[in-house]
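Chemist: This is the structure I have questions about; it appears just below.
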Amino acid sequence: MTTFSHSPTSSRVMAACGGLAAGALGLGFAQGLAAVLHASPSPLIALGDRFIDLTPRPLKEWAVEQFGTADKTVLLGNMLVVTALLLAAVGIAARRHRLLGVAGFVVLGVVDALALLGGRGGADPSAYVALVAGLALGCAALWWLIGQAGMAPVAEAEAPPGFDRRRFLLLATVMGGAGVVAGAGLPRLVPAATGRGGVVLPRAADPAGPLPRGVDFRLPGLTPHLTPNDDFYRIDIALISPRLNVDDWKLRVRGLVDEPLELSYRDLLAMPLVERRVTIACVSNPVAGEYIGNATWLGVRVADVLERAGVRAGADAVQSRGADGITIGTPLAALTDGRDALLAIGINGQPLPIDHGFPVRMIVPGLYGYVSATKWITELEVTRFADFSAYWTDRGWAPQGPIKTGCRIDLPGDDVTAGDVTVAGVAWAQHRGIGKVEVRVDDGAWQVAELATADGIDTWRQWRWTWPAAPGTHRLQARATDLAGATQTSAVADVAPDGATGYPTIHVRVG
Ligand SMILES: Nc1nc2c(c(=O)[nH]1)N[C@H]1C(S)=C(S)[C@@H](COP(=O)(O)O)O[C@H]1N2
Ligand SMILES: [Mo]
């Protein structure tokens, strides 16, 4: 057995380990308890949510640009590192006086409680229970552990009597490990975490019908007409996707309605199911970007649900809420004008993946996701645009977000051989339909591309054009025109506040 050498530095490191271990135990227990109690958000997620919500737009855009959809993993990682440093600091303080350590944990707990309090649409009361229970456990663990070391109250120069460093580290490791096990393990004990595995999608009363012949040129490297679920882009403010259970899920319909409703998943499935192919896009999709995808959606018409509740005169908007706390404002007209606005339960023949909104999300042809595509949806509030402002509107994005006509050049790659070269891509003008796509080389005349067969007006449309490519480096651009004859603008605009514009451009070296 080694006995602790009494250098203050080493004692400080020990104390830091103690803070970390006791903190991990408390935090892990609180995280686990939150899962068991179905408390949302958990202490860590509450912090992350506040961080995401308070991040200024330029920083957020920078993060998305740097890390893409991994931005959340990076944020979670950073949060864990900062939390660990804070816990270690509290441990060092506790070495001076155990009460100082307890005070440190309490301060961290209060910060988290404030995050819960100021969070999106209020936290569950049980979230505070989990936090307080974890805090109490953490404080007790710290008190005990530091006491074991005989560290405090001890003057720095004084030798802690009978301190066994190895035993202390063992205790700290066991304690921290128990925290990790509680945080990671307890949530797994919660029965039927989502119920997704047990969902069998009913058949559509009104199916999408087979894909028309010729919608997909099937060219290697060209975006397929239908986006596989695993390739579908993901954008949301949820640090961890809410895991909802179909047995507990409810959709409240309230606001300016004759009769407020509460629909269960079963109620929803009992309504006529409609299946439609719709291309959805993110307002943050840069010109030629990847935040767009086309899928077959199965769901109930939003209009049918609203009709059951009876929309009152004067309403012009529906504010929907997601279980991650988001609010989304959609024009009432887009939900009731006859287009296929759905409360979707399925995508491409599967129940919605958890990341894409299980069990129910909204899909509205023609509108960017931030004003229409509410995932993990829990509420429809019929209201007036004048009476609310939604999550992204509060952060400077436009209250209304119709999708702008656009296109992308997928082919060819950077290097080709001189001769006939296939240029191809997709074009979209949701709910207006694509009428024409043109390509030009080095600012030459616009050449009309061949269009794939249209699949309705709510999906994108593939296009291709054969380019007699001469050696040299060339600049290719494309532009789309909708069925009403309106061509996408050449004016270059950023994604904020209501969607990027400009012609997609590629440079190709012909050898
Ligand atoms: N609950 C919830 N729904 C949401 C969002 C969100 O942050 N939370 N983001 C919206 C945005 S901005 C887009 S573009 C789409 C993306 O849907 P997807 O991740 O399934 O592609 O979801 C929309 N629905
Ligand atoms: Mo979006």
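A note on labels: chains of the structure tokens are A, B, ... as shown, every chain counts residues from 1, and ligands are counted from 1 in their shown order.
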When you look at Pro497 in chain A with a cut-off of 7 Å (counting only C-alpha atoms), what residues show up, excluding the ones that are within fewer than 3 positions of it in the same chain? I need them as a ChimeraX atom specification.

Modeler: /A:396-398

Chemist: Please write out the residues within 7 Å of ligand 1 as a count of residues only, counting only C-alpha atoms and all ligand atoms.

Modeler: 28

Chemist: Would you mind telling me which residue in A:Ala469, A:Val441, A:Ile347, A:Ala315 lies nearest to Phe385 in chain A when using only C-alpha atoms?

Modeler: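 Between A:Ala469, A:Val441, A:Ile347, A:Ala315, the residue approaching Phe385 in chain A most closely is A:Ala315.
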
Chemist: Rounded to one decimal, what separation in Å do you get between CA of Ile457 in chain A and CA of Arg432 in chain A?

Modeler: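 Separating CA of Ile457 in chain A from CA of Arg432 in chain A is a distance of 5.7 Å.
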
Chemist: At a cut-off of 9 Å, using only C-alpha atoms, what residues contact Ser490 in chain A? Leave out same-chain residues fewer than 3 positions from it and give the result as a list in words.

Modeler: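 The residues satisfying every condition are Arg479, Thr487, Thr501, Gly502 and Tyr503 of chain A.
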
Chemist: Which residues are close to range 442-445 of chain A, i.e. within 10 Å by only C-alpha atoms, leaving aside same-chain residues fewer than 5 positions away? Reply as a list in words.

Modeler: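 Result of the neighbour search: Thr473, His474, Arg475, Leu476, Gln477 and His507 of chain A.
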
Chemist: Filtering to N, CA, C and O atoms, could you give me those residues as a PDB file, in the first residue's frame?

Modeler:
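So the final result, stored in result_2.pdb, reads:
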```
ATOM      1  N   THR A 473     -11.083  24.240 -68.804  1.00  0.00           N
ATOM      2  CA  THR A 473     -11.910  24.266 -67.589  1.00  0.00           C
ATOM      3  C   THR A 473     -13.139  25.112 -67.868  1.00  0.00           C
ATOM      4  O   THR A 473     -13.036  26.223 -68.383  1.00  0.00           O
ATOM      5  N   HIS A 474     -14.304  24.553 -67.557  1.00  0.00           N
ATOM      6  CA  HIS A 474     -15.556  25.240 -67.882  1.00  0.00           C
ATOM      7  C   HIS A 474     -16.424  25.411 -66.654  1.00  0.00           C
ATOM      8  O   HIS A 474     -16.381  24.612 -65.723  1.00  0.00           O
ATOM      9  N   ARG A 475     -17.249  26.458 -66.746  1.00  0.00           N
ATOM     10  CA  ARG A 475     -18.180  26.748 -65.659  1.00  0.00           C
ATOM     11  C   ARG A 475     -19.591  26.423 -66.134  1.00  0.00           C
ATOM     12  O   ARG A 475     -20.042  26.947 -67.164  1.00  0.00           O
ATOM     13  N   LEU A 476     -20.281  25.558 -65.423  1.00  0.00           N
ATOM     14  CA  LEU A 476     -21.655  25.191 -65.795  1.00  0.00           C
ATOM     15  C   LEU A 476     -22.636  25.739 -64.767  1.00  0.00           C
ATOM     16  O   LEU A 476     -22.385  25.675 -63.568  1.00  0.00           O
ATOM     17  N   GLN A 477     -23.741  26.242 -65.286  1.00  0.00           N
ATOM     18  CA  GLN A 477     -24.804  26.720 -64.406  1.00  0.00           C
ATOM     19  C   GLN A 477     -26.128  26.136 -64.863  1.00  0.00           C
ATOM     20  O   GLN A 477     -26.285  25.787 -66.033  1.00  0.00           O
ATOM     21  N   HIS A 507     -17.624  23.757 -61.630  1.00  0.00           N
ATOM     22  CA  HIS A 507     -16.479  23.917 -62.532  1.00  0.00           C
ATOM     23  C   HIS A 507     -15.977  22.537 -62.914  1.00  0.00           C
ATOM     24  O   HIS A 507     -15.799  21.684 -62.043  1.00  0.00           O
TER      25      HIS A 507
END
```

Chemist: When you look at Ile403 in chain A with a cut-off of 7 Å (counting only C-alpha atoms), what residues show up, excluding the ones that are within fewer than 5 positions of it in the same chain? I need them as a ChimeraX atom specification.

Modeler: /A:366-368,430

Chemist: Check the smallest atom-to-atom distance from each of A:Asp455, A:Glu290, A:Glu379, A:Asp482 to Ile409 in chain A using only C-alpha atoms, then report the winner.

Modeler: A:Glu290

Chemist: Could you check the closest approach to Leu211 in chain A for each of A:Thr9, A:Thr223, A:Thr383, A:Thr453 and tell me which residue wins, using only C-alpha atoms?

Modeler: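 Checking each of A:Thr9, A:Thr223, A:Thr383, A:Thr453 against Leu211 in chain A, counting only C-alpha atoms, the winner is A:Thr453.
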
Chemist: Give me the residues near range 127-138 of chain A as a PyMOL selection string, where near means some atom within 9 Å (using only C-alpha atoms) and where sequence neighbours in that chain fewer than 6 positions away do not count.

Modeler: chain A and resi 19+21-34+37-43+102+105-106+108-109+112-113+116

Chemist: Using only C-alpha atoms, can you tell me which of A:Glu381, A:Asp164, A:Asp216, A:Asp316 comes closest to Val426 in chain A?

Modeler: A:Asp216

Chemist: Kindly indicate which residue among A:Val199, A:Ile92, A:Leu117, A:Leu306 lies nearest to Arg12 in chain A, using only C-alpha atoms for the distances.

Modeler: A:Ile92

Chemist: Would you mind writing down, as a list in words, each residue of range 216-420 of chain A that DSSP on the backbone assigns to alpha helix (DSSP H)?

Modeler: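 Here are the alpha helix (DSSP H) residues of range 216-420 of chain A: Tyr265, Arg266, Asp267, Leu268, Leu269, Val302, Ala303, Asp304, Val305, Leu306, Glu307, Arg308, Ala309, Leu332, Ala333, Ala334, Leu335 and Thr336 of chain A.
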
Chemist: Mind pulling up the distance from CA of Ser10 in chain A to CA of His97 in chain A?

Modeler: 17.1 Å

Chemist: Going by DSSP on the backbone, which residues of range 230-287 of chain A come out as strand (DSSP E or B)? List them as a ChimeraX atom specification.

Modeler: /A:250-255,257,261-264,273-281

Chemist: Limited to all heavy atoms, could you put the picked residues into a file as a short mmCIF file (atom, residue, chain, number, x, y, z; two decimals), in the first residue's frame?

Modeler:
```
data_model
loop_
_atom_site.label_atom_id
_atom_site.label_comp_id
_atom_site.auth_asym_id
_atom_site.auth_seq_id
_atom_site.Cartn_x
_atom_site.Cartn_y
_atom_site.Cartn_z
N LYS A 250 -50.26 11.83 -27.61
CA LYS A 250 -51.54 12.51 -27.81
C LYS A 250 -51.31 13.72 -28.69
O LYS A 250 -50.27 14.37 -28.58
CB LYS A 250 -52.08 13.02 -26.46
CG LYS A 250 -52.56 11.96 -25.51
CD LYS A 250 -54.06 11.82 -25.63
CE LYS A 250 -54.67 10.86 -24.64
NZ LYS A 250 -53.95 9.60 -24.47
N LEU A 251 -52.27 14.01 -29.53
CA LEU A 251 -52.23 15.26 -30.28
C LEU A 251 -53.37 16.14 -29.78
O LEU A 251 -54.55 15.77 -29.91
CB LEU A 251 -52.41 15.02 -31.79
CG LEU A 251 -52.41 16.30 -32.63
CD1 LEU A 251 -51.01 16.90 -32.71
CD2 LEU A 251 -52.94 16.03 -34.03
N ARG A 252 -53.01 17.25 -29.18
CA ARG A 252 -54.04 18.20 -28.75
C ARG A 252 -54.33 19.15 -29.90
O ARG A 252 -53.40 19.64 -30.56
CB ARG A 252 -53.57 19.01 -27.54
CG ARG A 252 -53.60 18.27 -26.21
CD ARG A 252 -53.07 19.15 -25.09
NE ARG A 252 -51.72 19.65 -25.41
CZ ARG A 252 -50.62 18.94 -25.24
NH1 ARG A 252 -50.68 17.73 -24.73
NH2 ARG A 252 -49.45 19.45 -25.56
N VAL A 253 -55.60 19.41 -30.13
CA VAL A 253 -56.00 20.41 -31.13
C VAL A 253 -56.79 21.46 -30.36
O VAL A 253 -57.81 21.14 -29.75
CB VAL A 253 -56.87 19.78 -32.24
CG1 VAL A 253 -57.14 20.80 -33.33
CG2 VAL A 253 -56.18 18.55 -32.82
N ARG A 254 -56.29 22.69 -30.37
CA ARG A 254 -56.94 23.70 -29.51
C ARG A 254 -56.83 25.08 -30.15
O ARG A 254 -56.40 25.20 -31.29
CB ARG A 254 -56.32 23.69 -28.12
CG ARG A 254 -54.82 23.91 -28.14
CD ARG A 254 -54.23 23.75 -26.76
NE ARG A 254 -53.00 24.51 -26.66
CZ ARG A 254 -52.92 25.75 -26.20
NH1 ARG A 254 -54.00 26.38 -25.79
NH2 ARG A 254 -51.77 26.39 -26.15
N GLY A 255 -57.19 26.09 -29.43
CA GLY A 255 -57.13 27.44 -29.96
C GLY A 255 -58.48 27.84 -30.53
O GLY A 255 -59.53 27.56 -29.93
N VAL A 257 -60.96 26.95 -32.16
CA VAL A 257 -61.74 25.83 -32.69
C VAL A 257 -63.05 25.72 -31.91
O VAL A 257 -63.13 26.16 -30.76
CB VAL A 257 -60.97 24.49 -32.59
CG1 VAL A 257 -59.78 24.47 -33.51
CG2 VAL A 257 -60.54 24.20 -31.15
N LEU A 261 -59.78 19.04 -29.32
CA LEU A 261 -59.70 17.58 -29.44
C LEU A 261 -58.44 17.07 -28.76
O LEU A 261 -57.47 17.80 -28.60
CB LEU A 261 -59.59 17.16 -30.91
CG LEU A 261 -60.65 17.51 -31.91
CD1 LEU A 261 -60.19 17.00 -33.27
CD2 LEU A 261 -61.95 16.84 -31.50
N GLU A 262 -58.47 15.81 -28.40
CA GLU A 262 -57.25 15.13 -28.01
C GLU A 262 -57.27 13.78 -28.72
O GLU A 262 -58.11 12.94 -28.42
CB GLU A 262 -57.19 14.96 -26.50
CG GLU A 262 -55.77 14.85 -26.01
CD GLU A 262 -55.67 14.89 -24.50
OE1 GLU A 262 -55.98 13.88 -23.86
OE2 GLU A 262 -55.27 15.94 -23.97
N LEU A 263 -56.38 13.61 -29.67
CA LEU A 263 -56.37 12.38 -30.46
C LEU A 263 -55.24 11.48 -30.01
O LEU A 263 -54.12 11.93 -29.82
CB LEU A 263 -56.17 12.70 -31.95
CG LEU A 263 -57.24 13.55 -32.65
CD1 LEU A 263 -56.84 13.78 -34.11
CD2 LEU A 263 -58.59 12.85 -32.57
N SER A 264 -55.55 10.20 -29.87
CA SER A 264 -54.50 9.22 -29.59
C SER A 264 -53.96 8.71 -30.93
O SER A 264 -54.51 8.99 -31.99
CB SER A 264 -55.06 8.06 -28.78
OG SER A 264 -55.98 7.34 -29.59
N LEU A 273 -56.34 7.14 -44.25
CA LEU A 273 -54.91 7.35 -44.46
C LEU A 273 -54.61 7.61 -45.93
O LEU A 273 -55.12 6.94 -46.82
CB LEU A 273 -54.12 6.12 -43.99
CG LEU A 273 -53.99 5.98 -42.48
CD1 LEU A 273 -53.40 4.63 -42.12
CD2 LEU A 273 -53.12 7.10 -41.91
N VAL A 274 -53.77 8.62 -46.13
CA VAL A 274 -53.42 9.08 -47.47
C VAL A 274 -51.92 8.87 -47.64
O VAL A 274 -51.16 9.04 -46.69
CB VAL A 274 -53.75 10.59 -47.59
CG1 VAL A 274 -53.31 11.14 -48.93
CG2 VAL A 274 -55.24 10.83 -47.36
N GLU A 275 -51.53 8.49 -48.84
CA GLU A 275 -50.11 8.29 -49.11
C GLU A 275 -49.70 9.20 -50.27
O GLU A 275 -50.37 9.19 -51.31
CB GLU A 275 -49.88 6.82 -49.47
CG GLU A 275 -48.44 6.41 -49.56
CD GLU A 275 -48.33 4.99 -50.10
OE1 GLU A 275 -49.02 4.68 -51.09
OE2 GLU A 275 -47.57 4.22 -49.53
N ARG A 276 -48.64 9.98 -50.09
CA ARG A 276 -48.22 10.93 -51.13
C ARG A 276 -46.71 11.04 -51.20
O ARG A 276 -46.04 10.94 -50.17
CB ARG A 276 -48.78 12.33 -50.86
CG ARG A 276 -50.28 12.44 -50.98
CD ARG A 276 -50.77 12.29 -52.43
NE ARG A 276 -52.20 12.48 -52.51
CZ ARG A 276 -53.10 11.50 -52.44
NH1 ARG A 276 -52.70 10.24 -52.29
NH2 ARG A 276 -54.38 11.76 -52.53
N ARG A 277 -46.20 11.30 -52.41
CA ARG A 277 -44.78 11.59 -52.54
C ARG A 277 -44.60 13.11 -52.48
O ARG A 277 -45.26 13.84 -53.25
CB ARG A 277 -44.21 11.00 -53.82
CG ARG A 277 -44.08 9.48 -53.74
CD ARG A 277 -43.47 8.88 -54.97
NE ARG A 277 -44.37 8.92 -56.11
CZ ARG A 277 -45.27 7.98 -56.41
NH1 ARG A 277 -45.38 6.90 -55.65
NH2 ARG A 277 -46.03 8.10 -57.47
N VAL A 278 -43.76 13.56 -51.56
CA VAL A 278 -43.54 14.99 -51.35
C VAL A 278 -42.04 15.22 -51.09
O VAL A 278 -41.42 14.47 -50.34
CB VAL A 278 -44.34 15.51 -50.12
CG1 VAL A 278 -44.05 16.99 -49.88
CG2 VAL A 278 -45.84 15.27 -50.29
N THR A 279 -41.50 16.26 -51.72
CA THR A 279 -40.10 16.65 -51.50
C THR A 279 -40.07 17.75 -50.46
O THR A 279 -40.67 18.82 -50.66
CB THR A 279 -39.47 17.16 -52.80
OG1 THR A 279 -39.52 16.13 -53.78
CG2 THR A 279 -38.02 17.57 -52.59
N ILE A 280 -39.42 17.50 -49.32
CA ILE A 280 -39.31 18.57 -48.32
C ILE A 280 -37.88 19.13 -48.35
O ILE A 280 -36.93 18.47 -48.79
CB ILE A 280 -39.69 18.13 -46.90
CG1 ILE A 280 -38.71 17.12 -46.32
CG2 ILE A 280 -41.12 17.59 -46.88
CD1 ILE A 280 -38.88 16.92 -44.81
N ALA A 281 -37.76 20.38 -47.92
CA ALA A 281 -36.47 21.06 -47.96
C ALA A 281 -36.32 21.95 -46.75
O ALA A 281 -37.29 22.39 -46.16
CB ALA A 281 -36.36 21.90 -49.23
#
```

Chemist: My list of candidates is A:Gly209, A:Asn285, A:Ala344, A:Arg301. Which is closest to ligand 2 when distances are computed with only C-alpha atoms and all ligand atoms?

Modeler: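 Closest residue, counting only C-alpha atoms and all ligand atoms: A:Asn285.
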
Chemist: For a test of reading the model, state the distance in Å between CA of Leu59 in chain A and CA of Gly122 in chain A, rounded to one decimal.

Modeler: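 If I compute the distance from CA of Leu59 in chain A to CA of Gly122 in chain A, I get 25.2 Å.
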